[in-house]
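Shown next, in structure tokens, is the structure this report addresses.
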Protein chains: 2
Amino acid sequence: MALPQDAPPARYLDDMKTGLRFAGKARVVREREIIAFARQFDPQPFHIDTSLADQTLFGGLIASGWHTAAMTMRLLLEAFPIGEGTIGLGSEVTWPNPVRANDSIHIEGEVSAVKPSRSHDDRGIVTVRAETKNQNGEVVQAMTANLLVFRRKSKSV
Amino acid sequence: MALPQDAPPARYLDDMKTGLRFAGKARVVREREIIAFARQFDPQPFHIDTSLADQTLFGGLIASGWHTAAMTMRLLLEAFPIGEGTIGLGSEVTWPNPVRANDSIHIEGEVSAVKPSRSHDDRGIVTVRAETKNQNGEVVQAMTANLLVFRRKSKSV
């Protein structure tokens, strides 16, 4: 479960600039993962039952949007590691297309804002916009996330 | 993994009104659940390692925000079932306070907007605002979600 050893170097607030871009490797999503996640958190027919899912407006099994969000978090950690951790304060997500079994998804993103804290010299809020795309280039999740990011040498954490 | 039998009746677009409120039962979040989710989707020290977590700014193990979001989805399904399924188009979430091991969380929410579709008579978009709170009444997640909701007797799904 450890992150890959060939991950890019972790970035700190000092390194963040509007327009800084990143992209990650693809990962394949398996049917059993879709069903396992949904049984626990989102047990609806179109997420947990392949036969029933065929009869819904989705025409087949699709991943819970929250599963897509969770997988995207993993992709974000691997593609854009942040020093002292990727700490989300909040996020806006849309799911324009569903993730289906055996889709291969990856993340592409950029820093859209950097706001140093007024009250704490050692930190700031970095806004990241990221799209999660499937093997056909279709966006399965568009996200704007606000992250708490520390400066290098911070002793607060 | 089935939803409880004493769930409230499913609502359709016909039943939705701005100001309609709902609330659900509490569920306890266990340390092993926090760690299992984070190992899979968000393997950072403050989510997966109790000893290391003590040394972070959180002062102990906390759940991934995406875990809180996923658990909230389950709470939403139980507290506010929707006919033909709870289909999220997108969501805005903030995490004002972390979820910690053995916290007991529940959901409270209301319908904040109902917009019938212009192009499809059988459906509309319902906006739901929901807070997930812990046993002390602290908000661990505030969410605004846009849901695709069908009218009763719809044959589209």
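Here's how to read the names in the structure tokens: chain A, B, ... by the order shown, residue numbers from 1 in each chain, ligand numbers from 1 in the order shown.
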* To do: Considering only C-alpha atoms, return as a list of chain:residue names whatever protein or nucleic-acid residues lie within 8 Å of Ile105 in chain A, sequence-local ones (same chain, fewer than 3 positions apart) excluded.
  => A:Ala26, A:Arg27, A:Val28, A:Val29, A:Thr132, A:Lys133, A:Asn134, A:Gln135
Just write the chosen residues, C-alpha atoms, as a PDB file, in the first residue's frame.
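In the end it all went to result_20.pdb:
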ATOM      1  CA  ALA A  26      -3.061   5.574 -15.204  1.00  0.00           C
ATOM      2  CA  ARG A  27      -4.625   2.866 -13.035  1.00  0.00           C
ATOM      3  CA  VAL A  28      -7.212   0.316 -14.014  1.00  0.00           C
ATOM      4  CA  VAL A  29     -10.436   0.110 -11.993  1.00  0.00           C
ATOM      5  CA  THR A 132      -9.652  12.657 -13.698  1.00  0.00           C
ATOM      6  CA  LYS A 133      -9.922  11.187 -17.183  1.00  0.00           C
ATOM      7  CA  ASN A 134     -10.559   7.731 -18.576  1.00  0.00           C
ATOM      8  CA  GLN A 135      -8.787   5.932 -21.436  1.00  0.00           C
TER       9      GLN A 135
END
Quick one: chain B onto chain A, least squares on all Cα paired in order, result as a CSV table (one decimal) with C-alpha atoms, in the first residue's frame?
chain,number,residue,atom,x,y,z
B,1,MET,CA,0.0,0.0,0.1
B,2,ALA,CA,3.1,2.3,0.1
B,3,LEU,CA,3.3,5.0,-2.5
B,4,PRO,CA,5.6,4.3,-5.4
B,5,GLN,CA,9.3,5.0,-4.9
B,6,ASP,CA,9.5,6.9,-8.2
B,7,ALA,CA,7.1,9.6,-7.0
B,8,PRO,CA,8.0,13.2,-7.9
B,9,PRO,CA,9.6,15.2,-5.0
B,10,ALA,CA,7.3,16.7,-2.5
B,11,ARG,CA,6.4,20.4,-2.9
B,12,TYR,CA,6.1,23.0,-0.3
B,13,LEU,CA,4.4,26.4,-0.3
B,14,ASP,CA,7.6,28.0,-1.5
B,15,ASP,CA,7.4,25.8,-4.7
B,16,MET,CA,3.8,26.6,-5.5
B,17,LYS,CA,2.9,28.9,-8.4
B,18,THR,CA,-0.3,29.5,-10.3
B,19,GLY,CA,-0.2,27.5,-13.5
B,20,LEU,CA,2.1,24.8,-12.1
B,21,ARG,CA,0.9,21.6,-13.9
B,22,PHE,CA,1.1,17.9,-13.0
B,23,ALA,CA,-0.1,14.6,-14.4
B,24,GLY,CA,0.0,11.1,-13.2
B,25,LYS,CA,0.1,7.5,-14.3
B,26,ALA,CA,-3.1,5.6,-15.2
B,27,ARG,CA,-4.6,2.9,-13.0
B,28,VAL,CA,-7.2,0.3,-14.0
B,29,VAL,CA,-10.4,0.1,-12.0
B,30,ARG,CA,-11.8,-3.4,-11.5
B,31,GLU,CA,-15.4,-4.5,-11.1
B,32,ARG,CA,-14.7,-6.1,-7.7
B,33,GLU,CA,-13.3,-2.8,-6.5
B,34,ILE,CA,-16.4,-0.9,-7.6
B,35,ILE,CA,-18.7,-3.3,-5.9
B,36,ALA,CA,-16.6,-3.6,-2.7
B,37,PHE,CA,-16.6,0.2,-2.2
B,38,ALA,CA,-20.3,0.6,-3.0
B,39,ARG,CA,-21.4,-2.2,-0.7
B,40,GLN,CA,-19.7,-0.3,2.1
B,41,PHE,CA,-20.7,3.3,1.3
B,42,ASP,CA,-23.1,3.5,-1.6
B,43,PRO,CA,-25.1,0.3,-1.9
B,44,GLN,CA,-27.3,1.1,-4.9
B,45,PRO,CA,-28.2,-1.3,-7.7
B,46,PHE,CA,-26.1,0.6,-10.4
B,47,HIS,CA,-23.1,0.3,-8.1
B,48,ILE,CA,-23.3,-3.2,-6.7
B,49,ASP,CA,-25.3,-5.5,-9.0
B,50,THR,CA,-24.2,-6.0,-12.6
B,51,SER,CA,-27.5,-7.5,-13.8
B,52,LEU,CA,-29.7,-4.8,-12.2
B,53,ALA,CA,-27.3,-2.1,-13.3
B,54,ASP,CA,-27.9,-3.1,-17.0
B,55,GLN,CA,-31.6,-2.0,-16.5
B,56,THR,CA,-30.8,1.5,-15.2
B,57,LEU,CA,-30.2,4.6,-17.1
B,58,PHE,CA,-26.5,3.9,-16.9
B,59,GLY,CA,-26.8,0.7,-18.9
B,60,GLY,CA,-24.3,-1.1,-16.7
B,61,LEU,CA,-22.3,-1.0,-13.5
B,62,ILE,CA,-20.7,2.3,-12.6
B,63,ALA,CA,-18.5,3.4,-9.7
B,64,SER,CA,-19.9,5.5,-6.9
B,65,GLY,CA,-18.9,9.2,-7.4
B,66,TRP,CA,-17.3,9.0,-4.0
B,67,HIS,CA,-15.3,6.0,-5.1
B,68,THR,CA,-14.1,8.1,-8.1
B,69,ALA,CA,-13.2,10.9,-5.6
B,70,ALA,CA,-11.3,8.5,-3.3
B,71,MET,CA,-9.4,7.0,-6.2
B,72,THR,CA,-8.6,10.5,-7.4
B,73,MET,CA,-7.1,11.3,-4.0
B,74,ARG,CA,-4.7,8.4,-4.4
B,75,LEU,CA,-3.8,9.5,-7.9
B,76,LEU,CA,-3.2,13.1,-6.6
B,77,LEU,CA,-0.9,11.9,-3.8
B,78,GLU,CA,1.1,10.0,-6.4
B,79,ALA,CA,1.2,12.7,-9.0
B,80,PHE,CA,1.6,15.8,-6.9
B,81,PRO,CA,3.1,15.0,-3.4
B,82,ILE,CA,3.1,17.8,-0.9
B,83,GLY,CA,5.6,18.3,1.9
B,84,GLU,CA,4.1,17.5,5.3
B,85,GLY,CA,1.0,16.0,3.7
B,86,THR,CA,-1.9,16.7,1.3
B,87,ILE,CA,-4.4,18.3,3.7
B,88,GLY,CA,-7.7,19.1,2.1
B,89,LEU,CA,-9.9,21.8,3.6
B,90,GLY,CA,-12.6,21.3,1.1
B,91,SER,CA,-13.3,20.4,-2.4
B,92,GLU,CA,-15.8,20.9,-5.2
B,93,VAL,CA,-16.4,17.9,-7.5
B,94,THR,CA,-18.5,17.1,-10.5
B,95,TRP,CA,-18.9,13.7,-12.2
B,96,PRO,CA,-19.6,14.4,-15.9
B,97,ASN,CA,-19.1,10.8,-16.9
B,98,PRO,CA,-19.2,7.6,-14.9
B,99,VAL,CA,-16.2,5.2,-14.2
B,100,ARG,CA,-17.0,1.7,-15.4
B,101,ALA,CA,-15.2,-1.6,-14.8
B,102,ASN,CA,-11.8,-1.9,-16.5
B,103,ASP,CA,-11.6,1.8,-17.2
B,104,SER,CA,-8.1,3.1,-16.9
B,105,ILE,CA,-8.1,6.5,-15.2
B,106,HIS,CA,-5.4,9.1,-14.6
B,107,ILE,CA,-5.2,12.7,-13.2
B,108,GLU,CA,-4.2,15.9,-14.8
B,109,GLY,CA,-4.1,19.1,-12.9
B,110,GLU,CA,-2.7,22.5,-12.1
B,111,VAL,CA,-2.3,25.0,-9.3
B,112,SER,CA,-5.0,27.7,-9.8
B,113,ALA,CA,-4.3,29.9,-6.8
B,114,VAL,CA,-1.7,30.4,-4.0
B,115,LYS,CA,-2.7,32.4,-1.0
B,116,PRO,CA,-0.2,32.7,1.9
B,117,SER,CA,-1.9,32.9,5.3
B,118,ARG,CA,-2.2,36.3,6.9
B,119,SER,CA,-2.1,35.0,10.4
B,120,HIS,CA,0.5,32.2,10.1
B,121,ASP,CA,3.8,32.8,8.3
B,122,ASP,CA,4.5,29.2,7.8
B,123,ARG,CA,1.5,28.2,5.7
B,124,GLY,CA,-1.0,29.0,3.0
B,125,ILE,CA,-3.9,27.8,1.0
B,126,VAL,CA,-3.2,26.3,-2.5
B,127,THR,CA,-6.1,25.7,-4.8
B,128,VAL,CA,-5.7,22.9,-7.2
B,129,ARG,CA,-7.9,22.1,-10.2
B,130,ALA,CA,-7.7,18.5,-11.4
B,131,GLU,CA,-9.5,16.4,-13.9
B,132,THR,CA,-9.7,12.6,-13.7
B,133,LYS,CA,-9.9,11.2,-17.2
B,134,ASN,CA,-10.6,7.7,-18.6
B,135,GLN,CA,-8.8,5.9,-21.4
B,136,ASN,CA,-10.9,7.8,-24.0
B,137,GLY,CA,-10.0,11.2,-22.5
B,138,GLU,CA,-13.5,11.7,-21.0
B,139,VAL,CA,-13.6,13.6,-17.8
B,140,VAL,CA,-15.0,11.3,-15.0
B,141,GLN,CA,-14.3,13.9,-12.3
B,142,ALA,CA,-13.5,17.6,-12.3
B,143,MET,CA,-12.3,18.8,-8.9
B,144,THR,CA,-11.3,22.1,-7.4
B,145,ALA,CA,-9.6,21.5,-4.0
B,146,ASN,CA,-8.3,23.8,-1.3
B,147,LEU,CA,-5.2,22.5,0.3
B,148,LEU,CA,-3.4,23.6,3.5
B,149,VAL,CA,0.3,23.7,2.4
B,150,PHE,CA,3.3,24.5,4.6
B,151,ARG,CA,6.5,26.3,3.9
B,152,ARG,CA,9.8,24.4,3.9
B,153,LYS,CA,11.4,24.1,7.3
B,154,SER,CA,8.0,24.6,9.0
B,155,LYS,CA,8.1,23.3,12.6
B,156,SER,CA,4.3,23.4,13.0
B,157,VAL,CA,3.6,19.8,12.0
* **Which of range 28-118 of chain B DSSP labels helix (DSSP H, G or I), written as a ChimeraX atom specification** => /B:31-41,45-48,50-54,65-79
Could you save the residues just selected, with N, CA and C atoms, as an mmCIF file, in the first residue's frame?
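Saved file selection14.cif follows:
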data_model
loop_
_atom_site.group_PDB
_atom_site.id
_atom_site.type_symbol
_atom_site.label_atom_id
_atom_site.label_comp_id
_atom_site.auth_asym_id
_atom_site.auth_seq_id
_atom_site.Cartn_x
_atom_site.Cartn_y
_atom_site.Cartn_z
ATOM 1 N N GLU B 31 -11.414 2.877 14.532
ATOM 2 C CA GLU B 31 -10.042 3.114 14.098
ATOM 3 C C GLU B 31 -9.666 2.226 12.920
ATOM 4 N N ARG B 32 -10.060 0.967 12.976
ATOM 5 C CA ARG B 32 -9.680 0.041 11.891
ATOM 6 C C ARG B 32 -10.307 0.457 10.557
ATOM 7 N N GLU B 33 -11.488 1.063 10.604
ATOM 8 C CA GLU B 33 -12.133 1.540 9.372
ATOM 9 C C GLU B 33 -11.369 2.728 8.793
ATOM 10 N N ILE B 34 -10.973 3.637 9.675
ATOM 11 C CA ILE B 34 -10.206 4.821 9.249
ATOM 12 C C ILE B 34 -8.917 4.382 8.557
ATOM 13 N N ILE B 35 -8.231 3.437 9.181
ATOM 14 C CA ILE B 35 -6.947 2.975 8.637
ATOM 15 C C ILE B 35 -7.149 2.186 7.349
ATOM 16 N N ALA B 36 -8.165 1.326 7.304
ATOM 17 C CA ALA B 36 -8.397 0.501 6.105
ATOM 18 C C ALA B 36 -8.721 1.375 4.891
ATOM 19 N N PHE B 37 -9.577 2.370 5.085
ATOM 20 C CA PHE B 37 -9.916 3.262 3.975
ATOM 21 C C PHE B 37 -8.666 4.004 3.501
ATOM 22 N N ALA B 38 -7.935 4.556 4.443
ATOM 23 C CA ALA B 38 -6.781 5.396 4.095
ATOM 24 C C ALA B 38 -5.653 4.591 3.463
ATOM 25 N N ARG B 39 -5.461 3.356 3.892
ATOM 26 C CA ARG B 39 -4.429 2.535 3.252
ATOM 27 C C ARG B 39 -4.715 2.386 1.772
ATOM 28 N N GLN B 40 -6.009 2.325 1.455
ATOM 29 C CA GLN B 40 -6.386 2.110 0.062
ATOM 30 C C GLN B 40 -6.358 3.406 -0.758
ATOM 31 N N PHE B 41 -6.810 4.505 -0.152
ATOM 32 C CA PHE B 41 -7.059 5.708 -0.954
ATOM 33 C C PHE B 41 -6.276 6.946 -0.523
ATOM 34 N N PRO B 45 0.453 9.594 6.906
ATOM 35 C CA PRO B 45 0.692 9.197 8.312
ATOM 36 C C PRO B 45 -0.476 9.513 9.251
ATOM 37 N N PHE B 46 -1.096 10.698 9.075
ATOM 38 C CA PHE B 46 -2.168 11.079 10.013
ATOM 39 C C PHE B 46 -3.464 10.303 9.791
ATOM 40 N N HIS B 47 -3.487 9.474 8.733
ATOM 41 C CA HIS B 47 -4.665 8.633 8.479
ATOM 42 C C HIS B 47 -4.416 7.147 8.724
ATOM 43 N N ILE B 48 -3.137 6.722 8.757
ATOM 44 C CA ILE B 48 -2.876 5.275 8.799
ATOM 45 C C ILE B 48 -1.993 4.816 9.948
ATOM 46 N N THR B 50 -1.180 5.428 13.986
ATOM 47 C CA THR B 50 -1.584 6.124 15.217
ATOM 48 C C THR B 50 -0.402 6.813 15.901
ATOM 49 N N SER B 51 0.773 6.187 15.884
ATOM 50 C CA SER B 51 1.940 6.795 16.556
ATOM 51 C C SER B 51 2.411 8.042 15.814
ATOM 52 N N LEU B 52 2.587 7.911 14.496
ATOM 53 C CA LEU B 52 3.023 9.073 13.715
ATOM 54 C C LEU B 52 1.973 10.180 13.748
ATOM 55 N N ALA B 53 0.710 9.801 13.756
ATOM 56 C CA ALA B 53 -0.370 10.795 13.747
ATOM 57 C C ALA B 53 -0.319 11.696 14.974
ATOM 58 N N ASP B 54 0.130 11.115 16.098
ATOM 59 C CA ASP B 54 0.237 11.902 17.336
ATOM 60 C C ASP B 54 1.184 13.087 17.181
ATOM 61 N N GLY B 65 -10.698 12.948 4.592
ATOM 62 C CA GLY B 65 -11.911 13.683 4.249
ATOM 63 C C GLY B 65 -12.790 12.905 3.272
ATOM 64 N N TRP B 66 -12.155 12.149 2.388
ATOM 65 C CA TRP B 66 -12.929 11.352 1.416
ATOM 66 C C TRP B 66 -13.610 10.177 2.082
ATOM 67 N N HIS B 67 -13.055 9.709 3.185
ATOM 68 C CA HIS B 67 -13.733 8.684 3.972
ATOM 69 C C HIS B 67 -14.973 9.287 4.634
ATOM 70 N N THR B 68 -14.800 10.488 5.191
ATOM 71 C CA THR B 68 -15.945 11.176 5.782
ATOM 72 C C THR B 68 -17.041 11.384 4.724
ATOM 73 N N ALA B 69 -16.621 11.755 3.519
ATOM 74 C CA ALA B 69 -17.590 11.951 2.433
ATOM 75 C C ALA B 69 -18.299 10.639 2.082
ATOM 76 N N ALA B 70 -17.535 9.555 2.016
ATOM 77 C CA ALA B 70 -18.118 8.254 1.672
ATOM 78 C C ALA B 70 -19.082 7.786 2.766
ATOM 79 N N MET B 71 -18.693 7.951 4.015
ATOM 80 C CA MET B 71 -19.591 7.566 5.118
ATOM 81 C C MET B 71 -20.852 8.423 5.109
ATOM 82 N N THR B 72 -20.684 9.701 4.749
ATOM 83 C CA THR B 72 -21.839 10.588 4.678
ATOM 84 C C THR B 72 -22.800 10.142 3.583
ATOM 85 N N MET B 73 -22.273 9.620 2.480
ATOM 86 C CA MET B 73 -23.143 9.101 1.420
ATOM 87 C C MET B 73 -24.039 8.005 1.965
ATOM 88 N N ARG B 74 -23.449 7.106 2.741
ATOM 89 C CA ARG B 74 -24.224 6.026 3.349
ATOM 90 C C ARG B 74 -25.303 6.575 4.303
ATOM 91 N N LEU B 75 -24.901 7.562 5.082
ATOM 92 C CA LEU B 75 -25.858 8.175 6.012
ATOM 93 C C LEU B 75 -26.990 8.872 5.248
ATOM 94 N N LEU B 76 -26.646 9.474 4.118
ATOM 95 C CA LEU B 76 -27.647 10.167 3.293
ATOM 96 C C LEU B 76 -28.637 9.170 2.701
ATOM 97 N N LEU B 77 -28.130 8.055 2.201
ATOM 98 C CA LEU B 77 -29.013 7.029 1.624
ATOM 99 C C LEU B 77 -30.016 6.533 2.660
ATOM 100 N N GLU B 78 -29.538 6.394 3.900
ATOM 101 C CA GLU B 78 -30.401 5.869 4.954
ATOM 102 C C GLU B 78 -31.407 6.917 5.439
ATOM 103 N N ALA B 79 -30.980 8.161 5.500
ATOM 104 C CA ALA B 79 -31.823 9.212 6.084
ATOM 105 C C ALA B 79 -32.786 9.831 5.068
#
* Using DSSP on the backbone, list every residue of range 11-57 of chain A that comes out as strand (DSSP E or B), and give them as number ranges by chain. => A: 11, 21-23, 27-28
